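> Before we start, here is the structure in question, set down as structure tokens.
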Number of protein chains: 2
Amino acid sequence: MNGFALKGHVCYSKSAGELCTYADHYAVCIDGKSVGVFAALPQEYAQAEIIDCGDRLILPGLIDLHIHAPQYAYRGLGMDLELMDWLEQQAFPEEIKYQDLGYAECAYSMFAEQMKRSATTRACIFATKHRAATEILMQLMEETGLISYVGKVNMDRGAPGALCEESAGASAAETITWIKNAVEKFQRTKPILTPRFVPCCTDELMERLQKIQVTYGVPVQSHLSENHGEISLVHELRPQNGFYGEVYNDFGLFGKSRATEESVKTVMAHCVWSSEKEVELMKKNGVFVAHCPASNMNLSSGIAPIKSYLKHGLRVGLGSDVAGGQSESIFRAMTDAIQVSKLYWRLVDQGIQPVTFSEAFYMATKGGGEFFGKVGSFEEGYAFDAIVLDDACIPHPQKLTVRQRLERAAYLALDQKGVWKKYVDGMQVF
Amino acid sequence: MNGFALKGHVCYSKSAGELCTYADHYAVCIDGKSVGVFAALPQEYAQAEIIDCGDRLILPGLIDLHIHAPQYAYRGLGMDLELMDWLEQQAFPEEIKYQDLGYAECAYSMFAEQMKRSATTRACIFATKHRAATEILMQLMEETGLISYVGKVNMDRGAPGALCEESAGASAAETITWIKNAVEKFQRTKPILTPRFVPCCTDELMERLQKIQVTYGVPVQSHLSENHGEISLVHELRPQNGFYGEVYNDFGLFGKSRATEESVKTVMAHCVWSSEKEVELMKKNGVFVAHCPASNMNLSSGIAPIKSYLKHGLRVGLGSDVAGGQSESIFRAMTDAIQVSKLYWRLVDQGIQPVTFSEAFYMATKGGGEFFGKVGSFEEGYAFDAIVLDDACIPHPQKLTVRQRLERAAYLALDQKGVWKKYVDGMQVF
């Protein structure tokens, strides 16, 4: 038995509606897994090292289901633009720089260092089309100790020449080389198929990606129904499809393999304007939604009806979507999700209640964590991902419960002031 | 001549549409006033001490037109509630504690210390109904070096007994004592008449406050058209009035004295649901709007059409509205204002364009600053309020312009990581 126990104030979600908080408890990790949370250390774990976290908060690590590593360099810049203009004027010119491996190493080092220090323990990450730069990013993420899916982006149309891959065939060939390299080299950093989005991928490329998916069994991430302009463009490009998600589905990249009918782990960012049929198909196929509220505000996209998705039983987690979102803080994403859901209730549909704090915390941990397996909770059998937060820097004159301290830490994005300790899959990151 | 010059990267607004940024310039303060921004120090100011701010950003101090000091203790708590429930369950029970002067001293010290360290140089502050506690707050604010208006709250109905004042007469008498004390004791901390809002003030109280306003010439702050429930209640209480603002106006507390027709400096927080007539009257009377976007999200109030107010020529500044808003950061208020305006454009009225970064910066500085006179800019003749920000903690691989660095600092709420130096009315705070 190889284990330890974190002693402090433990918070975790059992379900979207059930947020548990326990003052002065032990969160116990044995062989990398959580065995539960206890008021007193059970006799069977008496050998476990006790790490006294004092008056601090112990949470499952936060999960970021959607973040663009090469966009970290320009987070919080050029925010007066809408999606398609922002892509042209901000995203694409910056991403072109990643053909320069020196630049990639410099910029990705900053990104990886920030991810390491953040409250995020697992993430789904977009890189760029550049294989070599993507491998540098994966190496850097591997060194952080975090667990992540990283995607070399596929795009063979709809972007400046320097960002488009030469052909669908060339894109596919690079993708295969990259997957083989990545699987061999990295343990904690896994490849994920990343067609940028339908407007950037020809049918031929999608067809090839489907085959790669079947051959290598890799999961899939992309963008879906973010913005009206984007959705119209998809409709023009694929008039034969009834809705956006159906395009991915036609190529077996939407939760279910076309070839084998097996499930394909898939996460789609945004889903702001998903139609009823799209939502139904996501539910049927088990597609994850990465809800990115800050990005959806910054790029004037709108508000995803996340409460309704939760009620429908969709799998929903949160994404920072740097740099559509300005911050990698998943605490910030939690409170943004609550805030925009209140505006949705007030301004769009009073039949859909706002997202509660408990639901937001669930999405940030267990909801998004499910993409990685049994992740995002301290319930028995879950991978032991934990962050320890010191909120002593937030002065207050009154007594607060653990639950209140958690809510405050999230609203004040305490993760940005520093995480005290961090564990991923039972391993201490710092 | 008594003066100094800050050397660094200077940013300020000339107007809502004109944000100026100058790398390696001098912002010169002579006898407490700005005399302008220069590429080289003019000969006439050769005697001025040069304070080298290196690669840092120099901005006018930020202005908070609406913040509740006693609510600072529970910022970021109980956010799953709507306005009227939140008042009952959070705001009122906490405010009752301020009859205990020990608690007031403890809690207000924390508030004042945070205000001192923040990027805010001037603020309009609500206290509670308690005169003695309000005087403690004023003393603490005076010691920070900031300039503020602080209001002892008037409320004689619509709240728990312990928070209601005994009678309109008692409330007025306390208010007079408080104003006399404050005027005598403080230089930088001024009294401001603060009827909480119409639902908490009887007509008799409003009538008495009008007389106090005329006698002592004090400005006015209150809440206006924040939430549907609140507006309905005002309509029930004052059916003779066509709109909410008209109630204040009937008592000479809405920008213009009923008795003398002279202008009465007035700021109204929120104005989310102001009718056309209300907006017209605000414009006519020169009433300031304190736009509090975070609070309007947190309390499910809605989105104030601020871009439209700016176009109409209303005077608009920003408010943190702690603890309706969770943070005292006016950078945060700036980016929240931009974000919600994008949702307003997308979801409510595509005829009203989003607020730009330049407009948000204007509201945070010169727009709100106007409430204090010639404040919020480095143009000649403006009071010299400045903050110096060190953004070296934000790593980036590419070169950035001063304008880009300012935008990023705001989006990442850099003010919460610390202000390097701060000056108010020509005086160094730290």
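Order determines the names: the first chain of the structure tokens is A, the second B, and so forth; residues in each chain are numbered 1 upward, and ligands are numbered 1 upward as they are shown.
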List every residue of chain B that has an atom at most 7 Å from any atom of chain A, and for each one report the closest atom pair and its distance in Å to one decimal, counting only C-alpha atoms, with rows sorted by chain and then by increasing residue number, as a tab-separated table.

residue	atom	partner	partner_atom	distance
B:Ala73	CA	A:His396	CA	5.5
B:Gly76	CA	A:Arg408	CA	4.6
B:Leu77	CA	A:Arg408	CA	5.8
B:Asp80	CA	A:Thr356	CA	6.0
B:Cys106	CA	A:Pro397	CA	6.4
B:Ala107	CA	A:Pro397	CA	5.3
B:Met110	CA	A:Pro395	CA	6.7
B:Met297	CA	A:Gln339	CA	5.2
B:Asn298	CA	A:Gln339	CA	5.7
B:Ser300	CA	A:Lys342	CA	5.0
B:Gly302	CA	A:Leu343	CA	5.9
B:Gln326	CA	A:Tyr411	CA	6.5
B:Ser327	CA	A:Leu412	CA	6.8
B:Gln339	CA	A:Met297	CA	5.2
B:Lys342	CA	A:Ser300	CA	5.0
B:Leu343	CA	A:Gly302	CA	5.9
B:Arg346	CA	A:Gly302	CA	6.2
B:Leu347	CA	A:Gly302	CA	6.9
B:Thr356	CA	A:Asp80	CA	6.0
B:Phe357	CA	A:Asp80	CA	6.8
B:Pro395	CA	A:Met110	CA	6.7
B:His396	CA	A:Ala73	CA	5.5
B:Pro397	CA	A:Ala107	CA	5.3
B:Gln404	CA	A:Leu77	CA	6.2
B:Glu407	CA	A:Leu77	CA	6.2
B:Arg408	CA	A:Gly76	CA	4.6
B:Tyr411	CA	A:Gly76	CA	5.3
B:Leu412	CA	A:Ser327	CA	6.8
> Generate the output file for the selected residues, C-alpha atoms, as a tab-separated table (two decimals), in the first residue's frame.

chain	number	residue	atom	x	y	z
B	73	ALA	CA	-17.39	41.30	4.37
B	76	GLY	CA	-18.74	36.49	-3.29
B	77	LEU	CA	-21.20	34.82	-0.91
B	80	ASP	CA	-27.52	31.97	-5.82
B	106	CYS	CA	-12.76	45.45	12.30
B	107	ALA	CA	-14.75	45.04	9.09
B	110	MET	CA	-10.40	45.49	6.04
B	297	MET	CA	-25.50	39.62	-13.46
B	298	ASN	CA	-25.11	38.21	-9.96
B	300	SER	CA	-30.17	38.37	-12.13
B	302	GLY	CA	-30.34	42.19	-16.45
B	326	GLN	CA	-18.04	40.26	-5.99
B	327	SER	CA	-14.94	42.35	-6.53
B	339	GLN	CA	-18.91	41.62	-22.04
B	342	LYS	CA	-21.94	42.23	-26.26
B	343	LEU	CA	-24.66	39.97	-24.89
B	346	ARG	CA	-26.55	39.75	-29.44
B	347	LEU	CA	-29.61	38.88	-27.40
B	356	THR	CA	-15.63	49.32	-26.82
B	357	PHE	CA	-12.52	49.08	-24.68
B	395	PRO	CA	4.57	36.80	-19.35
B	396	HIS	CA	4.29	37.09	-23.12
B	397	PRO	CA	6.52	35.96	-25.97
B	404	GLN	CA	-2.29	46.22	-25.82
B	407	GLU	CA	-6.19	46.08	-22.51
B	408	ARG	CA	-4.58	42.94	-21.13
B	411	TYR	CA	-8.97	41.84	-18.86
B	412	LEU	CA	-6.73	40.03	-16.39
> Quick check for you: according to DSSP on this backbone, which residues of segment 37-252 of chain B are classed as strand (DSSP E or B)? Reply as JSON, numbers by chain.
{"B": [37, 38, 49, 50, 51, 52, 53, 54, 55, 56, 57, 58, 59, 60, 62, 63, 64, 65, 66, 67, 68, 120, 121, 122, 123, 124, 125, 126, 147, 148, 149, 150, 151, 153, 154, 189, 190, 191, 193, 194, 195, 220, 221, 222, 223, 224]}
> When you draw a straight line from atom CA of Glu165 of chain A to atom CA of Ile192 of chain A, how long is it in Å?
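The value is 17.9 Å.
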> Using only C-alpha atoms, which protein or nucleic acid residues come within 8 Å of segment 378-384 of chain A? Drop anything in the same chain fewer than 4 positions from it, and give the result as a PyMOL selection string.
chain A and resi 12+14+27+29+32-37+60+374+423-426
> Find the spatial neighbours of Ala182 of chain B, counting only C-alpha atoms, within a cut-off of 8 Å - ignore same-chain residues fewer than 4 positions away - and output them as a list in words.
Glu135, Met138, Trp178, Phe186, Thr189, Lys190 and Pro191 of chain B
> Find the residues near Ala159 of chain B: any atom within 10 Å, counting only C-alpha atoms, skip ones fewer than 4 places away on the same chain, and give them as a PyMOL selection string.
chain B and resi 87-88+92-93+155+163-165+199-200
> Might you pull out every residue within 8 Å of Arg56 of chain A, with only C-alpha atoms counted and same-chain residues fewer than 2 positions away left off, and present them as a list in words?
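That gives Gly8, His9, Cys53, Gly54, Ile58, Val388, Leu389, Asp390 and Asp391 of chain A.
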> Which residue gives the smallest distance to Gln428 of chain B among B:Ala48, B:Tyr248, B:Asp24, B:Ile387, with only C-alpha atoms counted?
B:Ile387
> Write out as a CSV table (one decimal) with all heavy atoms, in the first residue's frame the residues lying within 9 Å of Met84 of chain A, counting only C-alpha atoms and excluding same-chain residues fewer than 6 positions away.

chain,number,residue,atom,x,y,z
A,227,ASN,N,-21.4,30.5,-33.2
A,227,ASN,CA,-21.7,31.8,-33.6
A,227,ASN,C,-22.6,31.8,-34.9
A,227,ASN,O,-22.4,30.9,-35.7
A,227,ASN,CB,-20.3,32.5,-33.9
A,227,ASN,CG,-20.4,33.8,-34.6
A,227,ASN,OD1,-20.7,33.8,-35.8
A,227,ASN,ND2,-20.0,34.8,-34.0
A,229,GLY,N,-22.6,33.5,-37.7
A,229,GLY,CA,-21.8,33.6,-39.0
A,229,GLY,C,-21.2,32.3,-39.3
A,229,GLY,O,-21.2,31.8,-40.4
A,230,GLU,N,-20.7,31.6,-38.3
A,230,GLU,CA,-20.0,30.3,-38.4
A,230,GLU,C,-21.0,29.3,-38.9
A,230,GLU,O,-20.8,28.5,-39.8
A,230,GLU,CB,-19.4,30.0,-37.1
A,230,GLU,CG,-18.8,28.6,-37.0
A,230,GLU,CD,-19.0,28.0,-35.5
A,230,GLU,OE1,-19.8,28.5,-34.8
A,230,GLU,OE2,-18.3,27.1,-35.2
A,299,LEU,N,-16.6,37.1,-27.6
A,299,LEU,CA,-16.7,37.1,-29.1
A,299,LEU,C,-18.1,37.3,-29.5
A,299,LEU,O,-18.5,37.0,-30.6
A,299,LEU,CB,-16.2,35.8,-29.6
A,299,LEU,CG,-14.7,35.6,-29.3
A,299,LEU,CD1,-14.2,34.2,-29.8
A,299,LEU,CD2,-13.8,36.6,-30.0
> Determine which residues of segment 152-222 of chain A receive a DSSP assignment of helix (DSSP H, G or I), computed from the backbone, and state them as a ChimeraX atom specification.
/A:168-185,198-200,203-216
> Based on the selection just made, write N, CA, C and O atoms of those residues as a tab-separated table (two decimals), in the first residue's frame.

chain	number	residue	atom	x	y	z
A	168	ALA	N	-5.37	17.54	-47.95
A	168	ALA	CA	-5.96	16.63	-46.97
A	168	ALA	C	-5.02	15.46	-46.71
A	168	ALA	O	-4.83	15.02	-45.56
A	169	GLY	N	-4.40	14.99	-47.77
A	169	GLY	CA	-3.47	13.86	-47.64
A	169	GLY	C	-2.28	14.22	-46.77
A	169	GLY	O	-1.87	13.44	-45.89
A	170	ALA	N	-1.72	15.40	-47.01
A	170	ALA	CA	-0.57	15.84	-46.21
A	170	ALA	C	-0.96	16.00	-44.75
A	170	ALA	O	-0.21	15.61	-43.84
A	171	SER	N	-2.13	16.55	-44.53
A	171	SER	CA	-2.62	16.75	-43.16
A	171	SER	C	-2.77	15.41	-42.44
A	171	SER	O	-2.35	15.25	-41.30
A	172	ALA	N	-3.34	14.47	-43.16
A	172	ALA	CA	-3.55	13.14	-42.57
A	172	ALA	C	-2.22	12.46	-42.28
A	172	ALA	O	-2.03	11.85	-41.21
A	173	ALA	N	-1.28	12.57	-43.21
A	173	ALA	CA	0.02	11.91	-43.04
A	173	ALA	C	0.74	12.49	-41.81
A	173	ALA	O	1.29	11.74	-40.99
A	174	GLU	N	0.72	13.81	-41.68
A	174	GLU	CA	1.35	14.44	-40.52
A	174	GLU	C	0.67	14.00	-39.24
A	174	GLU	O	1.32	13.80	-38.21
A	175	THR	N	-0.63	13.85	-39.31
A	175	THR	CA	-1.39	13.46	-38.12
A	175	THR	C	-1.01	12.06	-37.67
A	175	THR	O	-0.85	11.80	-36.47
A	176	ILE	N	-0.84	11.17	-38.63
A	176	ILE	CA	-0.45	9.80	-38.29
A	176	ILE	C	0.95	9.78	-37.66
A	176	ILE	O	1.17	9.13	-36.62
A	177	THR	N	1.87	10.50	-38.27
A	177	THR	CA	3.23	10.56	-37.71
A	177	THR	C	3.18	11.10	-36.28
A	177	THR	O	3.81	10.56	-35.37
A	178	TRP	N	2.43	12.16	-36.13
A	178	TRP	CA	2.31	12.79	-34.82
A	178	TRP	C	1.73	11.84	-33.77
A	178	TRP	O	2.24	11.72	-32.65
A	179	ILE	N	0.64	11.15	-34.12
A	179	ILE	CA	0.01	10.23	-33.16
A	179	ILE	C	1.00	9.14	-32.76
A	179	ILE	O	1.15	8.83	-31.57
A	180	LYS	N	1.69	8.59	-33.75
A	180	LYS	CA	2.66	7.51	-33.44
A	180	LYS	C	3.75	8.03	-32.51
A	180	LYS	O	4.11	7.36	-31.53
A	181	ASN	N	4.29	9.19	-32.83
A	181	ASN	CA	5.33	9.78	-31.97
A	181	ASN	C	4.81	10.00	-30.55
A	181	ASN	O	5.47	9.68	-29.57
A	182	ALA	N	3.62	10.57	-30.47
A	182	ALA	CA	3.07	10.98	-29.17
A	182	ALA	C	2.81	9.76	-28.29
A	182	ALA	O	3.12	9.75	-27.10
A	183	VAL	N	2.23	8.75	-28.88
A	183	VAL	CA	1.88	7.55	-28.12
A	183	VAL	C	3.15	6.90	-27.56
A	183	VAL	O	3.17	6.41	-26.43
A	184	GLU	N	4.19	6.98	-28.35
A	184	GLU	CA	5.46	6.37	-27.92
A	184	GLU	C	6.15	7.19	-26.83
A	184	GLU	O	6.72	6.63	-25.90
A	185	LYS	N	6.10	8.51	-26.98
A	185	LYS	CA	6.93	9.37	-26.13
A	185	LYS	C	6.31	9.76	-24.80
A	185	LYS	O	7.03	10.03	-23.84
A	198	VAL	N	-15.59	22.76	-38.93
A	198	VAL	CA	-16.01	22.40	-40.28
A	198	VAL	C	-15.51	23.40	-41.33
A	198	VAL	O	-15.00	22.99	-42.38
A	199	PRO	N	-15.63	24.73	-41.10
A	199	PRO	CA	-15.19	25.66	-42.14
A	199	PRO	C	-13.72	25.54	-42.51
A	199	PRO	O	-13.32	26.00	-43.58
A	200	CYS	N	-12.91	24.91	-41.70
A	200	CYS	CA	-11.48	24.76	-41.99
A	200	CYS	C	-11.10	23.36	-42.46
A	200	CYS	O	-9.91	23.08	-42.63
A	203	ASP	N	-14.17	17.94	-46.90
A	203	ASP	CA	-14.75	16.61	-46.71
A	203	ASP	C	-13.68	15.53	-46.81
A	203	ASP	O	-13.69	14.54	-46.07
A	204	GLU	N	-12.76	15.74	-47.72
A	204	GLU	CA	-11.71	14.73	-47.89
A	204	GLU	C	-10.88	14.60	-46.61
A	204	GLU	O	-10.54	13.49	-46.18
A	205	LEU	N	-10.58	15.73	-46.01
A	205	LEU	CA	-9.81	15.68	-44.76
A	205	LEU	C	-10.62	14.98	-43.66
A	205	LEU	O	-10.09	14.11	-42.95
A	206	MET	N	-11.89	15.30	-43.57
A	206	MET	CA	-12.73	14.67	-42.54
A	206	MET	C	-12.78	13.15	-42.75
A	206	MET	O	-12.73	12.37	-41.79
A	207	GLU	N	-12.90	12.77	-44.00
A	207	GLU	CA	-12.95	11.34	-44.34
A	207	GLU	C	-11.66	10.65	-43.86
A	207	GLU	O	-11.69	9.57	-43.28
A	208	ARG	N	-10.54	11.33	-44.09
A	208	ARG	CA	-9.26	10.73	-43.68
A	208	ARG	C	-9.13	10.70	-42.14
A	208	ARG	O	-8.58	9.75	-41.58
A	209	LEU	N	-9.64	11.73	-41.53
A	209	LEU	CA	-9.57	11.75	-40.06
A	209	LEU	C	-10.39	10.62	-39.46
A	209	LEU	O	-10.03	10.02	-38.45
A	210	GLN	N	-11.51	10.35	-40.12
A	210	GLN	CA	-12.34	9.25	-39.65
A	210	GLN	C	-11.54	7.95	-39.62
A	210	GLN	O	-11.60	7.18	-38.66
A	211	LYS	N	-10.82	7.73	-40.70
A	211	LYS	CA	-10.03	6.48	-40.77
A	211	LYS	C	-8.96	6.46	-39.69
A	211	LYS	O	-8.69	5.43	-39.06
A	212	ILE	N	-8.33	7.60	-39.51
A	212	ILE	CA	-7.30	7.68	-38.45
A	212	ILE	C	-7.92	7.40	-37.09
A	212	ILE	O	-7.37	6.68	-36.26
A	213	GLN	N	-9.10	7.94	-36.87
A	213	GLN	CA	-9.78	7.72	-35.59
A	213	GLN	C	-9.99	6.23	-35.36
A	213	GLN	O	-9.70	5.71	-34.27
A	214	VAL	N	-10.48	5.55	-36.38
A	214	VAL	CA	-10.76	4.12	-36.24
A	214	VAL	C	-9.46	3.34	-36.01
A	214	VAL	O	-9.38	2.47	-35.14
A	215	THR	N	-8.44	3.69	-36.77
A	215	THR	CA	-7.17	2.96	-36.68
A	215	THR	C	-6.50	3.13	-35.31
A	215	THR	O	-6.01	2.18	-34.71
A	216	TYR	N	-6.47	4.36	-34.84
A	216	TYR	CA	-5.70	4.65	-33.62
A	216	TYR	C	-6.55	4.81	-32.36
A	216	TYR	O	-6.01	4.95	-31.26
> When you draw a straight line from atom CA of Ala304 of chain B to atom CA of Ala16 of chain B, how long is it in Å?
17.4 Å
> Using atom CA of Glu370 of chain A and atom CA of Ser257 of chain A as the two end points, give the distance in Å to one decimal.
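Answer for the atom CA of Glu370 of chain A to atom CA of Ser257 of chain A separation: 19.5 Å.
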> Pick the closest to Phe288 of chain B from B:Ala133, B:Ile306, B:Leu224, B:Met268: which is it, counting only C-alpha atoms?
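The closest residue to Phe288 of chain B is B:Met268.
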